[in-house]
file start39.tsv (TSV, C-alpha atoms)
chain	number	residue	atom	x	y	z
A	630	MET	CA	133.81	175.46	136.15
A	631	PRO	CA	136.92	176.78	137.89
A	632	LYS	CA	137.15	180.52	138.42
A	633	THR	CA	139.61	182.61	136.43
A	634	ALA	CA	141.74	185.39	137.92
A	635	VAL	CA	144.04	188.01	136.45
A	636	ILE	CA	146.86	189.35	138.63
A	637	THR	CA	148.76	192.49	137.69
A	638	GLY	CA	152.10	192.60	139.46
A	639	ILE	CA	152.24	188.80	139.51
A	640	THR	CA	156.06	188.88	139.43
A	641	GLY	CA	156.19	190.79	142.73
A	642	GLN	CA	156.12	189.53	146.29
A	643	ASP	CA	152.35	189.74	146.74
A	644	GLY	CA	151.60	188.53	143.23
A	645	SER	CA	153.59	185.34	143.68
A	646	TYR	CA	151.95	184.47	147.01
A	647	LEU	CA	148.49	185.28	145.65
A	648	ALA	CA	149.08	183.13	142.56
A	649	GLU	CA	150.04	180.18	144.78
A	650	PHE	CA	146.96	180.71	146.96
A	651	LEU	CA	144.54	180.94	144.02
A	652	LEU	CA	146.03	177.86	142.35
A	653	GLU	CA	145.42	175.93	145.58
A	654	LYS	CA	141.80	177.12	145.37
A	655	GLY	CA	141.50	175.65	141.87
A	656	TYR	CA	141.64	178.91	139.92
A	657	GLN	CA	142.97	179.38	136.42
A	658	VAL	CA	145.56	182.11	136.97
A	659	HIS	CA	146.70	184.66	134.41
A	660	GLY	CA	149.43	187.20	135.11
A	661	ALA	CA	150.08	190.55	133.45
A	662	VAL	CA	153.71	191.49	132.85
A	663	ARG	CA	155.08	194.65	131.26
A	664	ARG	CA	156.59	194.67	127.79
A	665	THR	CA	160.24	194.79	128.80
A	666	SER	CA	163.26	192.97	127.45
A	667	SER	CA	164.20	191.53	130.84
A	668	SER	CA	161.24	190.74	133.09
A	669	SER	CA	162.20	189.47	136.54
A	670	LEU	CA	160.28	186.23	136.94
A	671	SER	CA	162.33	184.66	139.72
A	672	ARG	CA	159.45	184.69	142.25
A	673	ILE	CA	157.15	182.69	139.95
A	674	LEU	CA	159.61	180.27	138.34
A	675	HIS	CA	158.07	177.38	140.26
A	676	LEU	CA	154.61	178.27	138.89
A	677	GLN	CA	155.48	178.52	135.19
A	678	GLU	CA	153.64	175.35	134.20
A	679	GLN	CA	150.52	176.35	136.14
A	680	ILE	CA	149.96	179.99	135.12
A	681	THR	CA	149.71	181.91	131.86
A	682	LEU	CA	151.50	185.22	131.42
A	683	HIS	CA	150.34	188.03	129.16
A	684	GLN	CA	152.02	191.23	128.10
A	685	ALA	CA	150.01	194.18	129.41
A	686	ASP	CA	150.81	197.55	130.92
A	687	LEU	CA	148.90	199.82	133.30
A	688	THR	CA	150.02	202.80	131.21
A	689	ASP	CA	148.32	201.35	128.10
A	690	GLN	CA	144.56	200.93	128.38
A	691	TYR	CA	144.25	199.09	125.07
A	692	SER	CA	146.52	196.34	126.40
A	693	LEU	CA	144.29	196.02	129.48
A	694	VAL	CA	141.12	195.77	127.41
A	695	LYS	CA	142.78	193.12	125.25
A	696	LEU	CA	143.93	191.23	128.37
A	697	LEU	CA	140.39	191.09	129.78
A	698	GLN	CA	138.90	190.07	126.44
A	699	GLU	CA	141.37	187.21	126.07
A	700	THR	CA	141.17	185.86	129.63
A	701	GLU	CA	137.49	186.51	130.53
A	702	PRO	CA	138.29	186.65	134.26
A	703	ASP	CA	135.92	186.40	137.18
A	704	GLU	CA	138.32	188.42	139.34
A	705	VAL	CA	141.09	190.98	138.76
A	706	TYR	CA	143.69	191.71	141.43
A	707	ASN	CA	145.55	194.96	140.73
A	708	LEU	CA	148.83	194.62	142.61
A	709	ALA	CA	151.08	196.37	140.07
A	710	ALA	CA	152.53	199.74	141.06
A	711	GLN	CA	155.69	201.77	141.39
A	712	SER	CA	155.77	200.74	145.03
A	713	PHE	CA	159.19	201.81	146.37
A	714	VAL	CA	158.53	204.98	148.39
A	715	PRO	CA	162.00	206.63	147.96
A	716	THR	CA	161.76	206.27	144.17
A	717	SER	CA	158.45	208.13	144.20
A	718	TRP	CA	160.32	211.34	145.09
A	719	THR	CA	162.81	210.96	142.23
A	720	GLU	CA	160.18	209.70	139.73
A	721	PRO	CA	156.92	211.35	140.83
A	722	LEU	CA	155.34	211.51	137.36
A	723	ALA	CA	156.00	207.85	136.58
A	724	THR	CA	154.66	206.94	140.02
A	725	ALA	CA	151.47	208.89	139.34
A	726	ASP	CA	151.03	207.40	135.86
A	727	ILE	CA	151.36	203.79	137.05
A	728	THR	CA	150.20	203.80	140.67
A	729	ALA	CA	147.34	206.30	140.29
A	730	LEU	CA	146.15	206.55	136.68
A	731	GLY	CA	146.87	202.87	136.07
A	732	VAL	CA	144.03	202.03	138.45
A	733	THR	CA	141.61	204.15	136.41
A	734	ARG	CA	142.69	202.47	133.19
A	735	MET	CA	142.05	199.01	134.63
A	736	LEU	CA	138.70	199.98	136.15
A	737	ASP	CA	137.57	201.52	132.88
A	738	ALA	CA	138.72	198.44	130.98
A	739	ILE	CA	136.51	196.35	133.28
A	740	ARG	CA	133.60	198.74	132.71
A	741	ILE	CA	134.04	198.39	128.94
A	742	VAL	CA	134.66	194.63	128.71
A	743	ASP	CA	132.57	193.10	131.50
A	744	PRO	CA	131.22	195.08	134.50
A	745	ALA	CA	130.55	191.78	136.31
A	746	ILE	CA	134.30	191.24	136.89
A	747	ARG	CA	135.20	191.61	140.56
A	748	PHE	CA	138.11	193.99	141.19
A	749	TYR	CA	140.64	194.23	144.02
A	750	GLN	CA	142.79	197.35	144.42
A	751	ALA	CA	145.97	197.22	146.51
A	752	SER	CA	145.70	200.32	148.69
A	753	SER	CA	148.39	201.11	151.25
A	754	SER	CA	148.83	202.23	154.84
A	755	GLU	CA	151.16	204.92	153.43
A	756	MET	CA	147.95	206.79	152.57
A	757	PHE	CA	147.55	207.63	156.28
A	758	GLY	CA	150.95	209.34	156.38
A	759	ARG	CA	150.80	211.98	159.10
A	760	VAL	CA	148.26	209.95	161.01
A	761	GLN	CA	145.14	211.67	162.31
A	762	ALA	CA	144.17	208.85	164.68
A	763	THR	CA	145.88	205.81	166.18
A	764	PRO	CA	145.31	203.02	165.34
A	765	GLN	CA	144.12	203.59	161.77
A	766	ASN	CA	140.86	202.10	160.50
A	767	GLU	CA	138.67	202.42	157.41
A	768	LYS	CA	137.33	205.82	158.55
A	769	THR	CA	140.69	207.44	159.42
A	770	PRO	CA	141.41	210.47	157.17
A	771	PHE	CA	144.31	210.19	154.74
A	772	TRP	CA	147.33	212.53	154.88
A	773	PRO	CA	149.96	211.00	152.57
A	774	ARG	CA	153.61	212.05	153.00
A	775	SER	CA	155.13	210.88	149.71
A	776	PRO	CA	154.25	210.92	146.00
A	777	TYR	CA	153.67	207.17	146.37
A	778	GLY	CA	151.16	207.75	149.18
A	779	VAL	CA	149.40	210.47	147.17
A	780	ALA	CA	149.14	208.16	144.14
A	781	LYS	CA	147.72	205.38	146.30
A	782	VAL	CA	145.08	207.77	147.69
A	783	TYR	CA	143.98	208.53	144.12
A	784	GLY	CA	143.85	204.82	143.29
A	785	HIS	CA	141.80	204.17	146.42
A	786	TRP	CA	139.22	206.87	145.77
A	787	ILE	CA	138.86	206.16	142.05
A	788	THR	CA	138.04	202.56	143.05
A	789	VAL	CA	135.33	203.86	145.39
A	790	ASN	CA	134.09	206.17	142.63
A	791	TYR	CA	133.76	203.40	140.04
A	792	ARG	CA	131.99	201.24	142.62
A	793	GLU	CA	129.46	203.98	143.31
A	794	SER	CA	129.20	205.44	139.78
A	795	HIS	CA	129.26	202.28	137.66
A	796	ASN	CA	128.07	199.67	140.18
A	797	LEU	CA	131.28	197.65	139.89
A	798	PHE	CA	132.20	195.07	142.51
A	799	ALA	CA	135.38	196.96	143.42
A	800	CYS	CA	137.19	196.63	146.75
A	801	SER	CA	140.29	198.21	148.23
A	802	GLY	CA	142.49	196.47	150.76
A	803	ILE	CA	144.39	199.03	152.86
A	804	LEU	CA	147.32	196.76	153.63
A	805	PHE	CA	149.83	197.64	156.29
A	806	ASN	CA	153.48	196.65	155.83
A	807	HIS	CA	153.77	193.02	154.82
A	808	GLU	CA	157.09	191.33	154.21
A	809	SER	CA	158.63	187.97	153.30
A	810	PRO	CA	161.80	186.39	151.93
A	811	ARG	CA	160.48	187.46	148.50
A	812	ARG	CA	160.57	191.16	149.39
A	813	GLY	CA	162.78	193.25	147.10
A	814	GLU	CA	166.22	194.02	148.50
A	815	GLU	CA	165.59	197.78	148.18
A	816	PHE	CA	162.98	197.63	150.97
A	817	VAL	CA	164.29	198.22	154.48
A	818	THR	CA	163.14	194.92	155.97
A	819	ARG	CA	164.83	192.84	153.28
A	820	LYS	CA	167.88	195.09	153.41
A	821	ILE	CA	168.09	194.30	157.11
A	822	SER	CA	167.63	190.54	156.77
A	823	ARG	CA	170.03	190.31	153.82
A	824	THR	CA	172.76	192.39	155.43
A	825	VAL	CA	172.45	190.58	158.76
A	826	ALA	CA	172.90	187.28	156.92
A	827	LYS	CA	175.95	188.67	155.11
A	828	ILE	CA	177.47	189.88	158.39
A	829	LYS	CA	176.88	186.48	159.98
A	830	LEU	CA	178.69	184.81	157.06
A	831	GLY	CA	181.55	187.32	157.07
A	832	LEU	CA	180.46	188.92	153.77
A	833	ALA	CA	179.74	192.38	155.25
A	834	ASP	CA	180.74	194.34	158.32
A	835	GLU	CA	178.04	197.01	158.73
A	836	LEU	CA	174.35	197.77	158.22
A	837	ARG	CA	173.64	201.37	157.16
A	838	LEU	CA	170.15	202.68	157.91
A	839	GLY	CA	168.23	205.93	158.35
A	840	ASN	CA	165.48	206.54	160.91
A	841	LEU	CA	165.46	203.67	163.41
A	842	GLN	CA	162.55	205.12	165.38
A	843	ALA	CA	159.88	204.89	162.66
A	844	ARG	CA	157.23	202.40	163.74
A	845	ARG	CA	155.34	200.04	161.45
A	846	ASP	CA	152.74	197.30	161.72
A	847	TRP	CA	154.60	194.42	160.03
A	848	GLY	CA	153.09	191.11	158.95
A	849	PHE	CA	153.71	188.21	156.57
A	850	ALA	CA	152.70	188.73	152.93
A	851	GLY	CA	151.49	185.12	152.65
A	852	ASP	CA	148.85	185.86	155.30
A	853	TYR	CA	147.72	189.10	153.68
A	854	VAL	CA	146.95	187.74	150.20
A	855	GLN	CA	144.29	185.55	151.77
A	856	ALA	CA	142.49	188.73	152.90
A	857	MET	CA	142.53	189.99	149.29
A	858	TRP	CA	140.72	186.87	148.12
A	859	ARG	CA	138.20	186.98	150.96
A	860	MET	CA	137.20	190.53	150.02
A	861	LEU	CA	136.11	189.39	146.56
A	862	GLN	CA	134.03	186.51	147.97
A	863	GLN	CA	131.67	188.77	149.93
A	864	ASP	CA	128.10	189.55	148.92
A	865	GLN	CA	128.79	193.29	148.75
A	866	PRO	CA	132.00	195.16	147.84
A	867	ASP	CA	133.71	197.12	150.61
A	868	ASP	CA	137.10	198.36	151.78
A	869	PHE	CA	139.15	196.84	154.61
A	870	VAL	CA	142.19	197.67	156.71
A	871	ILE	CA	144.50	194.65	156.83
A	872	GLY	CA	147.22	194.41	159.48
A	873	ARG	CA	148.22	192.81	162.75
A	874	GLY	CA	147.39	195.76	165.00
A	875	VAL	CA	150.85	195.73	166.58
A	876	ALA	CA	153.57	198.31	165.84
A	877	HIS	CA	157.33	197.86	166.17
A	878	SER	CA	160.18	200.25	165.44
A	879	VAL	CA	162.77	199.71	162.73
A	880	ASN	CA	165.24	199.34	165.59
A	881	GLN	CA	163.22	196.47	167.05
A	882	PHE	CA	163.21	194.74	163.67
A	883	VAL	CA	166.99	195.20	163.46
A	884	GLU	CA	167.58	193.87	166.98
A	885	ALA	CA	165.38	190.83	166.32
A	886	ALA	CA	167.33	190.05	163.14
A	887	PHE	CA	170.74	190.25	164.81
A	888	ALA	CA	169.52	188.32	167.87
A	889	HIS	CA	168.37	185.52	165.56
A	890	VAL	CA	172.00	184.96	164.50
A	891	ASP	CA	173.44	185.59	168.00
A	892	LEU	CA	174.99	188.97	167.20
A	893	GLU	CA	174.69	192.40	168.85
A	894	ALA	CA	173.10	195.00	166.60
A	895	ALA	CA	175.00	197.89	168.23
A	896	ASN	CA	178.29	196.48	166.91
A	897	PHE	CA	177.22	196.75	163.26
A	898	VAL	CA	174.51	199.40	162.72
A	899	VAL	CA	175.55	202.76	161.24
A	900	ILE	CA	173.11	205.68	160.94
A	901	ASP	CA	173.36	207.31	157.53
A	902	PRO	CA	171.37	210.55	156.96
A	903	LYS	CA	171.02	209.83	153.23
A	904	PHE	CA	168.44	207.16	154.09
A	905	TYR	CA	166.10	209.61	155.81
A	906	ARG	CA	162.88	210.43	153.94
A	907	PRO	CA	162.15	214.06	152.93
A	908	ALA	CA	158.86	213.72	154.86
A	909	GLU	CA	158.79	210.90	157.40
A	910	VAL	CA	155.85	208.73	158.41
A	911	ASP	CA	156.49	208.10	162.09
A	912	LEU	CA	153.81	205.62	163.14
A	913	LEU	CA	151.50	203.25	161.29
A	914	ILE	CA	149.37	200.73	163.19
A	915	ALA	CA	146.27	198.97	161.91
A	916	ASP	CA	142.87	198.55	163.48
A	917	PRO	CA	141.83	195.32	161.70
A	918	ARG	CA	138.64	194.65	163.67
A	919	LYS	CA	136.38	195.03	160.61
A	920	ALA	CA	138.44	192.43	158.70
A	921	HIS	CA	138.22	190.10	161.70
A	922	ALA	CA	134.45	190.48	161.99
A	923	VAL	CA	133.39	190.53	158.33
A	924	LEU	CA	136.09	188.54	156.53
A	925	GLY	CA	137.00	186.17	159.36
A	926	TRP	CA	140.66	187.02	158.64
A	927	GLU	CA	143.51	187.29	161.14
A	928	ALA	CA	147.27	187.38	160.65
A	929	GLN	CA	149.05	184.20	161.73
A	930	VAL	CA	152.75	185.15	161.66
A	931	ASP	CA	154.15	187.52	164.31
A	932	LEU	CA	157.24	189.75	164.02
A	933	ARG	CA	159.68	187.28	165.57
A	934	GLN	CA	158.58	184.51	163.22
A	935	LEU	CA	158.70	186.87	160.22
A	936	VAL	CA	162.22	188.07	160.98
A	937	ALA	CA	163.48	184.52	161.52
A	938	MET	CA	161.89	183.41	158.22
A	939	MET	CA	163.55	186.22	156.28
A	940	VAL	CA	167.01	185.92	157.85
A	941	ASP	CA	167.03	182.12	157.47
A	942	ALA	CA	166.06	182.39	153.79
A	943	ASP	CA	168.86	184.88	153.12
A	944	LEU	CA	171.37	182.73	154.97
A	945	ALA	CA	170.37	179.70	152.89
A	946	GLU	CA	170.56	181.62	149.62
A	947	LEU	CA	173.95	183.16	150.41
A	948	ARG	CA	175.39	179.81	151.49
A	949	GLN	CA	174.19	178.20	148.29
A	950	CYS	CA	175.81	180.97	146.20
A	951	GLY	CA	174.13	179.66	143.06
A	952	GLU	CA	173.62	181.65	139.91
A	953	PRO	CA	170.15	183.26	139.66
A	954	GLN	CA	167.78	181.33	137.44
A	955	THR	CA	166.06	182.79	134.40
A	956	ALA	CA	162.58	182.13	133.18
A	957	ILE	CA	161.04	182.04	129.72
A	958	LEU	CA	157.93	184.13	129.16
A	959	ARG	CA	155.33	181.75	127.79
A	960	PRO	CA	152.76	183.48	125.57
A	961	ALA	CA	149.08	182.83	126.13
A	962	MET	CA	147.62	180.12	123.89
call {"tool": "encode", "arguments": {"input": "start39.tsv", "output": "structure tokens"}}
result
Amino acid sequence: MPKTAVITGITGQDGSYLAEFLLEKGYQVHGAVRRTSSSSLSRILHLQEQITLHQADLTDQYSLVKLLQETEPDEVYNLAAQSFVPTSWTEPLATADITALGVTRMLDAIRIVDPAIRFYQASSSEMFGRVQATPQNEKTPFWPRSPYGVAKVYGHWITVNYRESHNLFACSGILFNHESPRRGEEFVTRKISRTVAKIKLGLADELRLGNLQARRDWGFAGDYVQAMWRMLQQDQPDDFVIGRGVAHSVNQFVEAAFAHVDLEAANFVVIDPKFYRPAEVDLLIADPRKAHAVLGWEAQVDLRQLVAMMVDADLAELRQCGEPQTAILRPAM
């Protein structure tokens, strides 16, 4: 019998790549989407005939219990969150309700419906914040610097607590920054690739950014979802840092993007103080040795390849200038 998986956040970047990966593995894939009048399904349009979508919400535990009862999954991947860091300062309560308490609701739904379900929680390198050691591994203390980071710390520790208190197979993947052409345009990497493509095509004349010196460990989201799956195939549940182990500055990302289209970044970049964070995270770099040794996982795409992939995708989309497609939400049978 094929395995069954539920993905919350299936309409997001990671959810779409994970759905593709699990379908290739022969899984039956179910996705949870919020009850809204206009769900953005553009990232999973090509999967509509292969997956089943259900209305469920991390703020509503009854909907999660109902989802698990209807789908009877072997695995649950909790990727849904309010995940844009700047928004977490303007909407801290909503961020806490979804990104923190939502994890508890899903874990408790699993405890109620079927404790044998294996659970993956999407933790974040933003939990390290004001880093206490470099590089960061599974034992590095957390010091989050945003409401988003604080919420993710709660989600991480409640996953550990349910694993230890209720004997659930619950894992957290502490993923460092992972990007792709499917990244939302509000995130700095996609803002860079999109604006660089517009400048190359004569559709824009500047790129406005905040702190160019912040350093991140960037990888390709398509690589990272494979680590999520590998965690749930182990004999014992555990937590893993997932990253490349190489840090680059925002400025290096910018320069690589402009170089890819044969332009000089200095001619177009404008520093705008409004894009600075209230509390900055200066350096994040993973120590992924445990994932290498236990999961047999390593990132395949480096920064240069990632930047080229993103800029090329934005160039192609802008040149096509087609109207965005819409998708029909198919109810579960």
call {"tool": "atom_distance", "arguments": {"input": "start39.tsv", "atom1": "CA of His675 (chain A)", "atom2": "CA of Met939 (chain A)"}}
result
19.1 Å
call {"tool": "closest_residue", "arguments": {"input": "start39.tsv", "among": "A:Asp911, A:Asp864, A:Glu704, A:Glu946", "to": "Ala876 (chain A)", "atoms": "only C-alpha atoms"}}
result
A:Asp911
call {"tool": "residues_near_point", "arguments": {"input": "start39.tsv", "point": "(138.0, 186.0, 129.5)", "cutoff": "10 Å", "atoms": "all atoms listed in the file", "output": "PDB file with C-alpha atoms, in the coordinates of the input"}}
result
ATOM      1  CA  THR A 633     139.610 182.610 136.430  1.00  0.00           C
ATOM      2  CA  ALA A 634     141.740 185.390 137.920  1.00  0.00           C
ATOM      3  CA  VAL A 635     144.040 188.010 136.450  1.00  0.00           C
ATOM      4  CA  LYS A 695     142.780 193.120 125.250  1.00  0.00           C
ATOM      5  CA  LEU A 696     143.930 191.230 128.370  1.00  0.00           C
ATOM      6  CA  LEU A 697     140.390 191.090 129.780  1.00  0.00           C
ATOM      7  CA  GLN A 698     138.900 190.070 126.440  1.00  0.00           C
ATOM      8  CA  GLU A 699     141.370 187.210 126.070  1.00  0.00           C
ATOM      9  CA  THR A 700     141.170 185.860 129.630  1.00  0.00           C
ATOM     10  CA  GLU A 701     137.490 186.510 130.530  1.00  0.00           C
ATOM     11  CA  PRO A 702     138.290 186.650 134.260  1.00  0.00           C
ATOM     12  CA  ASP A 703     135.920 186.400 137.180  1.00  0.00           C
ATOM     13  CA  VAL A 742     134.660 194.630 128.710  1.00  0.00           C
ATOM     14  CA  ASP A 743     132.570 193.100 131.500  1.00  0.00           C
ATOM     15  CA  ILE A 746     134.300 191.240 136.890  1.00  0.00           C
TER      16      ILE A 746
END
call {"tool": "atom_distance", "arguments": {"input": "start39.tsv", "atom1": "CA of Leu913 (chain A)", "atom2": "CA of Ala799 (chain A)"}}
result
24.9 Å
call {"tool": "residues_around", "arguments": {"input": "start39.tsv", "residues": "Pro744 (chain A)", "least_positions_apart": "4", "cutoff": "6 Å", "atoms": "all atoms listed in the file", "output": "PyMOL selection string"}}
result
chain A and resi 739-740+797
call {"tool": "atom_distance", "arguments": {"input": "start39.tsv", "atom1": "CA of Arg792 (chain A)", "atom2": "CA of Tyr656 (chain A)"}}
result
24.5 Å
call {"tool": "closest_residue", "arguments": {"input": "start39.tsv", "among": "A:Ile787, A:Val779, A:Ala833, A:Ile680", "to": "Val732 (chain A)", "atoms": "all atoms listed in the file"}}
result
A:Ile787
call {"tool": "residues_around", "arguments": {"input": "start39.tsv", "residues": "Cys950 (chain A)", "least_positions_apart": "6", "cutoff": "12 Å", "atoms": "only C-alpha atoms", "output": "PyMOL selection string"}}
result
chain A and resi 827+830+832+943-944
call {"tool": "write_last_selection", "arguments": {"input": "start39.tsv", "atoms": "C-alpha atoms", "output": "PDB file, in the frame of the given file"}}
result
ATOM      1  CA  LYS A 827     175.950 188.670 155.110  1.00  0.00           C
ATOM      2  CA  LEU A 830     178.690 184.810 157.060  1.00  0.00           C
ATOM      3  CA  LEU A 832     180.460 188.920 153.770  1.00  0.00           C
ATOM      4  CA  ASP A 943     168.860 184.880 153.120  1.00  0.00           C
ATOM      5  CA  LEU A 944     171.370 182.730 154.970  1.00  0.00           C
TER       6      LEU A 944
END
call {"tool": "residues_near_point", "arguments": {"input": "start39.tsv", "point": "(140.6, 202.1, 135.2)", "cutoff": "10 Å", "atoms": "all atoms listed in the file", "output": "compact mmCIF listing (two decimals) with C-alpha atoms, in the frame of the given file"}}
result
# COMPACT_ATOMS: atom_id res chain seq x y z
CA LEU A 687 148.90 199.82 133.30
CA GLN A 690 144.56 200.93 128.38
CA LEU A 693 144.29 196.02 129.48
CA ALA A 729 147.34 206.30 140.29
CA LEU A 730 146.15 206.55 136.68
CA GLY A 731 146.87 202.87 136.07
CA VAL A 732 144.03 202.03 138.45
CA THR A 733 141.61 204.15 136.41
CA ARG A 734 142.69 202.47 133.19
CA MET A 735 142.05 199.01 134.63
CA LEU A 736 138.70 199.98 136.15
CA ASP A 737 137.57 201.52 132.88
CA ALA A 738 138.72 198.44 130.98
CA ILE A 739 136.51 196.35 133.28
CA ARG A 740 133.60 198.74 132.71
CA ILE A 741 134.04 198.39 128.94
CA GLY A 784 143.85 204.82 143.29
CA ILE A 787 138.86 206.16 142.05
CA THR A 788 138.04 202.56 143.05
CA TYR A 791 133.76 203.40 140.04
call {"tool": "closest_residue", "arguments": {"input": "start39.tsv", "among": "A:Phe882, A:Ile914, A:Lys829, A:Arg948", "to": "Phe897 (chain A)", "atoms": "only C-alpha atoms"}}
result
A:Lys829
call {"tool": "axis_aligned_box", "arguments": {"input": "start39.tsv", "around": "region 821-824 of chain A", "padding_each_side": "8 Å", "output": "AutoDock Vina command-line options"}}
result
--center_x 170.2 --center_y 192.3 --center_z 155.5 --size_x 21.1 --size_y 20.0 --size_z 19.3
call {"tool": "closest_residue", "arguments": {"input": "start39.tsv", "among": "A:Ala856, A:Ala894, A:Val662, A:Val714", "to": "Gln929 (chain A)", "atoms": "only C-alpha atoms"}}
result
A:Ala856
call {"tool": "closest_residue", "arguments": {"input": "start39.tsv", "among": "A:Thr719, A:Arg819, A:Val898, A:Ser753", "to": "Leu836 (chain A)", "atoms": "only C-alpha atoms"}}
result
A:Val898
call {"tool": "closest_residue", "arguments": {"input": "start39.tsv", "among": "A:His889, A:His659, A:Lys919, A:Arg837", "to": "Arg933 (chain A)", "atoms": "only C-alpha atoms"}}
result
A:His889
call {"tool": "build_atoms", "arguments": {"input": "start39.tsv", "residues": "region 903-924 of chain A", "atoms": "N, CA and C atoms", "output": "compact mmCIF listing (two decimals), keeping the file's coordinate frame"}}
result
# COMPACT_ATOMS: atom_id res chain seq x y z
N LYS A 903 171.53 209.89 154.60
CA LYS A 903 171.02 209.83 153.23
C LYS A 903 169.82 208.91 153.11
N PHE A 904 169.59 208.07 154.13
CA PHE A 904 168.44 207.16 154.09
C PHE A 904 167.21 207.72 154.78
N TYR A 905 167.29 208.98 155.25
CA TYR A 905 166.10 209.61 155.81
C TYR A 905 165.17 210.07 154.69
N ARG A 906 163.86 209.96 154.92
CA ARG A 906 162.88 210.43 153.94
C ARG A 906 162.75 211.95 154.02
N PRO A 907 162.43 212.62 152.89
CA PRO A 907 162.15 214.06 152.93
C PRO A 907 160.99 214.40 153.87
N ALA A 908 159.98 213.55 153.94
CA ALA A 908 158.86 213.72 154.86
C ALA A 908 158.58 212.35 155.48
N GLU A 909 158.85 212.20 156.75
CA GLU A 909 158.79 210.90 157.40
C GLU A 909 157.37 210.56 157.83
N VAL A 910 157.06 209.28 157.82
CA VAL A 910 155.85 208.73 158.41
C VAL A 910 156.29 208.02 159.68
N ASP A 911 155.91 208.56 160.83
CA ASP A 911 156.49 208.10 162.09
C ASP A 911 155.84 206.84 162.65
N LEU A 912 154.52 206.73 162.49
CA LEU A 912 153.81 205.62 163.14
C LEU A 912 152.64 205.15 162.29
N LEU A 913 152.64 203.87 161.96
CA LEU A 913 151.50 203.25 161.29
C LEU A 913 151.11 202.00 162.07
N ILE A 914 149.85 201.92 162.47
CA ILE A 914 149.37 200.73 163.19
C ILE A 914 147.90 200.50 162.83
N ALA A 915 147.60 199.29 162.42
CA ALA A 915 146.27 198.97 161.91
C ALA A 915 145.27 198.70 163.02
N ASP A 916 144.02 199.01 162.70
CA ASP A 916 142.87 198.55 163.48
C ASP A 916 142.10 197.59 162.59
N PRO A 917 142.40 196.28 162.65
CA PRO A 917 141.83 195.32 161.70
C PRO A 917 140.53 194.67 162.16
N ARG A 918 139.82 195.30 163.09
CA ARG A 918 138.64 194.65 163.67
C ARG A 918 137.55 194.38 162.63
N LYS A 919 137.40 195.26 161.64
CA LYS A 919 136.38 195.03 160.61
C LYS A 919 136.73 193.79 159.79
N ALA A 920 138.01 193.62 159.44
CA ALA A 920 138.44 192.43 158.70
C ALA A 920 138.22 191.17 159.52
N HIS A 921 138.47 191.26 160.83
CA HIS A 921 138.22 190.10 161.70
C HIS A 921 136.75 189.73 161.69
N ALA A 922 135.88 190.74 161.83
CA ALA A 922 134.45 190.48 161.99
C ALA A 922 133.78 190.08 160.68
N VAL A 923 134.11 190.76 159.59
CA VAL A 923 133.39 190.53 158.33
C VAL A 923 134.05 189.44 157.48
N LEU A 924 135.39 189.49 157.39
CA LEU A 924 136.09 188.54 156.53
C LEU A 924 136.50 187.26 157.27
